[in-house]
Amino acid sequence: MNQFIVQTLNGLTLAGIMFLVSSGFTLVFGVMRITNLAHGAIYLLGGYIAYSTIQLVGNFFVGVIVAGLAMALLGIVLERTLIKRMRGQVMAELLATLGLVYVMNDLALAVWGGDPLSLRLPGVLRESTTLPGGIIYPNGRMFILFLAVVIGLALYFLLRRTRVGAIVRAGVDNKAMVSAMGINVRLVFTMVFALGALLAGVGGALGGTVLSLAPNADAEILTFALIVVIVGGLGSFEGAVLGSLIVGLLSNYGQAYFPALAYFALFAPLVLVLLVRPQGLLGRTAA
Amino acid sequence: MITVDDVHTYRGLSYVLQGISLQAEDAQCTALLGRNGMGKTTLIETMMGLLSARDGDITLDGTSLRGKEPFQIAKRGVALVPQGRHVFSSLTVEENLTLAARGNGEPGAWTLERVYDLFPNLNRRRKNRGSDLSGGEQQMLAIGRAVMTNPRVLLMDEPSEGLAPVIVDKVGEVIRLLKQEGLCVFLVEQNYGLAIETADRLYVLAGGQVVWQGSPAELEAADDVRHLHLGV
């Protein structure tokens, strides 16, 4: 039983990291209709930047913040210079973001090498706490889960309770009409892309404490994010929350209890959702 | 006042607007009639900047809107009530109304309270999402959302489409009120009755060109135009 609780907590931590990555991915898709294949590469680069920042200044939190801001800045630059040139051309957008994956990964390989790195949590977060029932669980993982929940709540507040959030949601509904209301949709696009990259960067920094940062970690997290948004519903924030929980928990149970079938546990919900509810659990059918 | 001067617009490869000129005055309702597929919506979308004209010019109170983005045109005082209403379905009624609300610094400007006074139904449903509304309520919301930007020109694309007669009457009443307030209303309609009752000047569109223009009384008298181009 204790083992099951530990695996559940592990699954929730994984879900938290998946949520950070997939919420940014789904937000960008929902508003801009861009499938950003470089989202995983931004996650990995964010993790690497956090790693180097922590080495340099010796503070974990500074590392996380710098990673987030650096990736937001990268997002602005990419959106303004590259993405906006091919707006509406789905194939060009896909290929351009795929090309970015190679460029970013090779740069990362040149700077950080090919050996797996992981981020070191500060002091008390490296210790463990004994939970009721005698379960010993690392503080760091609880902290990651806590941060993911806090960021999720902040995002929810931003999207549901502010005018900027209303503009973003209206943009998901009908971009042309938002523009006809006198709102500069292009500026909204840039902001949303930057926010997506920020979330991926923070995800990389936090993910780097649990998962390792290495070449190909980007493809792995992108696969997770894709499964999450397909299960939850493309473009839906609530879908990203639900999808992350389902995929995070199932993936972790799979690895713990049926390692031979771990990928089956990961893809089975995907196939099931596509068969029964192709728009995703909380997704809307295309208008 | 908004002026359309020899505008040519393509939709993809098809040549839809083939040199349209017309003018909509302040404190009046100018209506554009015509059968389906004659380019009425294309003209509205060109005026709003959602489609770009291949040639010709559109001016708002003497200033050219050529090459302007829709949001820039909207900020200069043009608002759109689109065909199919297109309220933001995941936003609440109140969010739809306040999303792009802009005051014009004048007394009597449109505010949330004034919109709720005009459309009490929207007040009752202000926490509901756009997708939960009936067709008539959505039309009220689309009109309320547009006037909340306090425009000088209001473009309305088939506001009577799919609505019960009592709601169509309400739309007509609102148009008359907006005219009284000095707004320039440009109405695209298939509902002949609504257009003839609210408009001060009418244009008939066929084959991407203006084929007739005149006053409501003149159109009532022009049997041939009505039969040929409007089927009424």
# chains A, B, ... in the order shown; residues from 1 in each chain; ligands from 1
$ interface_residues --of "chain B" --to "chain A" --cutoff "12 Å" --atoms "only C-alpha atoms" --output "PyMOL selection string"
chain B and resi 44-51+68-102+129-131+142-151+154-155
$ select_by_dssp --residues "range 105-268 of chain A" --states "strand (DSSP E or B)" --output "PyMOL selection string"
chain A and resi 117+128-131+135-138+213
$ residues_around --residues "Asp61 in chain B" --least-positions-apart "4" --cutoff "10 Å" --atoms "only C-alpha atoms" --output "list in words"
Met1, Ile2, Thr3, Glu25, Asp26, Arg152 and Val153 of chain B
$ closest_residue --among "A:Met71, A:Ile246, A:Ala240, A:Val231" --to "Val271 in chain A" --atoms "only C-alpha atoms"
A:Val231
$ residues_around --residues "Val229 in chain A" --least-positions-apart "6" --cutoff "8 Å" --atoms "only C-alpha atoms" --output "ChimeraX atom specification"
/A:22,26,235-236,239-240,243,280
$ residues_around --residues "Ser23 in chain A" --least-positions-apart "5" --cutoff "8 Å" --atoms "only C-alpha atoms" --output "compact mmCIF listing (two decimals) with all heavy atoms, in the first residue's frame"
# COMPACT_ATOMS: atom_id res chain seq x y z
N GLY A 196 4.08 30.62 -23.47
CA GLY A 196 4.26 29.18 -23.70
C GLY A 196 5.72 28.79 -23.50
O GLY A 196 6.03 27.78 -22.85
N LEU A 199 6.70 28.87 -19.80
CA LEU A 199 6.24 27.68 -19.08
C LEU A 199 7.12 26.48 -19.40
O LEU A 199 7.46 25.69 -18.51
CB LEU A 199 4.78 27.38 -19.44
CG LEU A 199 3.75 28.35 -18.85
CD1 LEU A 199 2.40 28.18 -19.52
CD2 LEU A 199 3.63 28.13 -17.34
N PHE A 237 -7.20 24.50 -21.58
CA PHE A 237 -6.38 24.59 -20.38
C PHE A 237 -6.77 23.50 -19.38
O PHE A 237 -5.93 22.79 -18.85
CB PHE A 237 -6.53 25.98 -19.76
CG PHE A 237 -5.81 26.15 -18.45
CD1 PHE A 237 -4.45 26.38 -18.42
CD2 PHE A 237 -6.50 26.07 -17.26
CE1 PHE A 237 -3.79 26.52 -17.21
CE2 PHE A 237 -5.85 26.22 -16.05
CZ PHE A 237 -4.49 26.44 -16.03
N ALA A 240 -5.48 20.26 -20.34
CA ALA A 240 -4.06 20.03 -20.03
C ALA A 240 -3.92 19.55 -18.59
O ALA A 240 -3.09 18.68 -18.29
CB ALA A 240 -3.25 21.30 -20.25
N VAL A 241 -4.73 20.09 -17.68
CA VAL A 241 -4.67 19.66 -16.28
C VAL A 241 -5.09 18.19 -16.18
O VAL A 241 -4.36 17.34 -15.65
CB VAL A 241 -5.62 20.51 -15.40
CG1 VAL A 241 -5.63 19.98 -13.97
CG2 VAL A 241 -5.20 21.97 -15.42
$ select_by_dssp --residues "range 15-193 of chain A" --states "helix (DSSP H, G or I)" --output "number ranges by chain"
A: 15-32, 39-57, 60-81, 83-86, 90-112, 123-126, 139-161, 163-173, 175-180, 185-193
$ write_last_selection --atoms "C-alpha atoms" --output "short mmCIF file (atom, residue, chain, number, x, y, z; two decimals), in the first residue's frame"
data_model
loop_
_atom_site.label_atom_id
_atom_site.label_comp_id
_atom_site.auth_asym_id
_atom_site.auth_seq_id
_atom_site.Cartn_x
_atom_site.Cartn_y
_atom_site.Cartn_z
CA ALA A 15 1.99 15.11 -13.96
CA GLY A 16 3.02 18.50 -12.57
CA ILE A 17 5.98 18.71 -14.93
CA MET A 18 3.86 17.49 -17.84
CA PHE A 19 1.28 20.13 -17.01
CA LEU A 20 3.84 22.95 -17.14
CA VAL A 21 5.03 21.81 -20.56
CA SER A 22 1.67 20.87 -22.06
CA SER A 23 -0.23 23.94 -20.81
CA GLY A 24 2.17 26.17 -22.74
CA PHE A 25 1.93 23.91 -25.78
CA THR A 26 -1.86 23.84 -25.74
CA LEU A 27 -2.12 27.60 -25.14
CA VAL A 28 0.03 28.33 -28.18
CA PHE A 29 -1.95 25.87 -30.27
CA GLY A 30 -5.30 27.13 -29.02
CA VAL A 31 -4.64 30.77 -29.78
CA MET A 32 -2.24 30.62 -32.71
CA HIS A 39 8.41 23.18 -27.48
CA GLY A 40 10.42 20.21 -26.15
CA ALA A 41 13.68 21.80 -27.25
CA ILE A 42 12.72 24.97 -25.37
CA TYR A 43 12.04 22.81 -22.29
CA LEU A 44 15.48 21.21 -22.56
CA LEU A 45 17.27 24.50 -23.18
CA GLY A 46 15.46 26.00 -20.18
CA GLY A 47 16.70 23.11 -18.06
CA TYR A 48 20.29 23.57 -19.27
CA ILE A 49 20.20 27.31 -18.66
CA ALA A 50 18.87 26.70 -15.15
CA TYR A 51 21.71 24.22 -14.61
CA SER A 52 24.40 26.70 -15.65
CA THR A 53 22.80 29.58 -13.73
CA ILE A 54 22.70 27.49 -10.56
CA GLN A 55 26.38 26.59 -11.05
CA LEU A 56 27.16 30.26 -11.51
CA VAL A 57 25.16 31.91 -8.73
CA PHE A 60 18.21 27.14 -7.39
CA PHE A 61 15.35 29.65 -7.54
CA VAL A 62 17.40 32.19 -9.46
CA GLY A 63 18.12 29.37 -11.90
CA VAL A 64 14.42 28.61 -12.39
CA ILE A 65 13.52 32.27 -12.88
CA VAL A 66 16.40 32.93 -15.28
CA ALA A 67 15.44 29.84 -17.30
CA GLY A 68 11.83 31.01 -17.55
CA LEU A 69 12.70 34.57 -18.53
CA ALA A 70 15.39 33.52 -21.00
CA MET A 71 12.95 31.18 -22.75
CA ALA A 72 10.24 33.87 -22.78
CA LEU A 73 12.72 36.19 -24.47
CA LEU A 74 13.65 33.45 -26.93
CA GLY A 75 9.93 32.96 -27.58
CA ILE A 76 9.47 36.65 -28.39
CA VAL A 77 12.45 36.62 -30.76
CA LEU A 78 11.33 33.42 -32.50
CA GLU A 79 7.75 34.64 -32.89
CA ARG A 80 8.74 38.06 -34.20
CA THR A 81 11.44 36.89 -36.61
CA ILE A 83 6.85 32.33 -36.84
CA LYS A 84 5.10 35.50 -37.96
CA ARG A 85 6.53 35.17 -41.46
CA MET A 86 4.71 31.91 -42.07
CA VAL A 90 0.69 24.93 -41.47
CA MET A 91 3.40 22.99 -43.27
CA ALA A 92 5.89 25.85 -43.16
CA GLU A 93 5.25 26.36 -39.44
CA LEU A 94 5.73 22.67 -38.71
CA LEU A 95 8.95 22.46 -40.69
CA ALA A 96 10.33 25.69 -39.25
CA THR A 97 9.71 24.58 -35.66
CA LEU A 98 11.12 21.14 -36.50
CA GLY A 99 14.21 22.85 -37.92
CA LEU A 100 14.55 24.81 -34.70
CA VAL A 101 14.68 21.52 -32.79
CA TYR A 102 17.86 20.53 -34.65
CA VAL A 103 19.48 23.93 -34.28
CA MET A 104 18.71 24.23 -30.58
CA ASN A 105 19.67 20.66 -29.77
CA ASP A 106 23.00 20.90 -31.58
CA LEU A 107 23.78 24.16 -29.83
CA ALA A 108 22.90 22.56 -26.51
CA LEU A 109 25.09 19.58 -27.33
CA ALA A 110 28.00 21.89 -28.13
CA VAL A 111 27.61 23.86 -24.89
CA TRP A 112 26.49 21.27 -22.34
CA GLY A 123 19.37 22.28 1.29
CA VAL A 124 16.20 21.10 2.91
CA LEU A 125 14.64 20.08 -0.39
CA ARG A 126 17.29 17.36 -0.74
CA ASN A 139 10.87 16.95 -0.06
CA GLY A 140 12.10 17.99 -3.49
CA ARG A 141 9.40 16.08 -5.34
CA MET A 142 6.69 17.45 -3.08
CA PHE A 143 8.06 20.91 -3.70
CA ILE A 144 8.01 20.43 -7.49
CA LEU A 145 4.42 19.26 -7.25
CA PHE A 146 3.55 22.24 -5.06
CA LEU A 147 5.16 24.69 -7.50
CA ALA A 148 3.32 23.14 -10.44
CA VAL A 149 0.03 23.55 -8.60
CA VAL A 150 0.83 27.18 -7.71
CA ILE A 151 1.79 27.98 -11.31
CA GLY A 152 -1.35 26.21 -12.51
CA LEU A 153 -3.52 28.30 -10.18
CA ALA A 154 -1.77 31.50 -11.28
CA LEU A 155 -2.39 30.57 -14.93
CA TYR A 156 -6.01 29.80 -14.16
CA PHE A 157 -6.39 33.19 -12.50
CA LEU A 158 -4.71 34.92 -15.45
CA LEU A 159 -6.91 33.16 -17.99
CA ARG A 160 -10.23 33.28 -16.12
CA ARG A 161 -10.15 36.45 -14.08
CA ARG A 163 -8.95 41.04 -19.19
CA VAL A 164 -5.76 39.72 -20.81
CA GLY A 165 -7.03 36.21 -20.12
CA ALA A 166 -10.40 37.07 -21.63
CA ILE A 167 -8.64 38.33 -24.76
CA VAL A 168 -6.64 35.09 -24.98
CA ARG A 169 -9.80 32.98 -24.60
CA ALA A 170 -11.63 35.14 -27.13
CA GLY A 171 -8.66 34.58 -29.46
CA VAL A 172 -9.19 30.83 -29.17
CA ASP A 173 -12.85 31.35 -30.14
CA LYS A 175 -9.25 35.64 -33.88
CA ALA A 176 -10.71 37.73 -36.68
CA MET A 177 -13.47 39.00 -34.41
CA VAL A 178 -10.96 39.91 -31.67
CA SER A 179 -9.10 41.95 -34.24
CA ALA A 180 -12.34 43.60 -35.40
CA VAL A 185 -4.03 40.16 -32.24
CA ARG A 186 -0.42 40.01 -33.37
CA LEU A 187 0.70 41.41 -30.04
CA VAL A 188 -1.47 38.81 -28.33
CA PHE A 189 0.22 36.11 -30.42
CA THR A 190 3.68 37.26 -29.36
CA MET A 191 2.66 37.36 -25.71
CA VAL A 192 1.09 33.92 -25.83
CA PHE A 193 4.11 32.43 -27.59
#
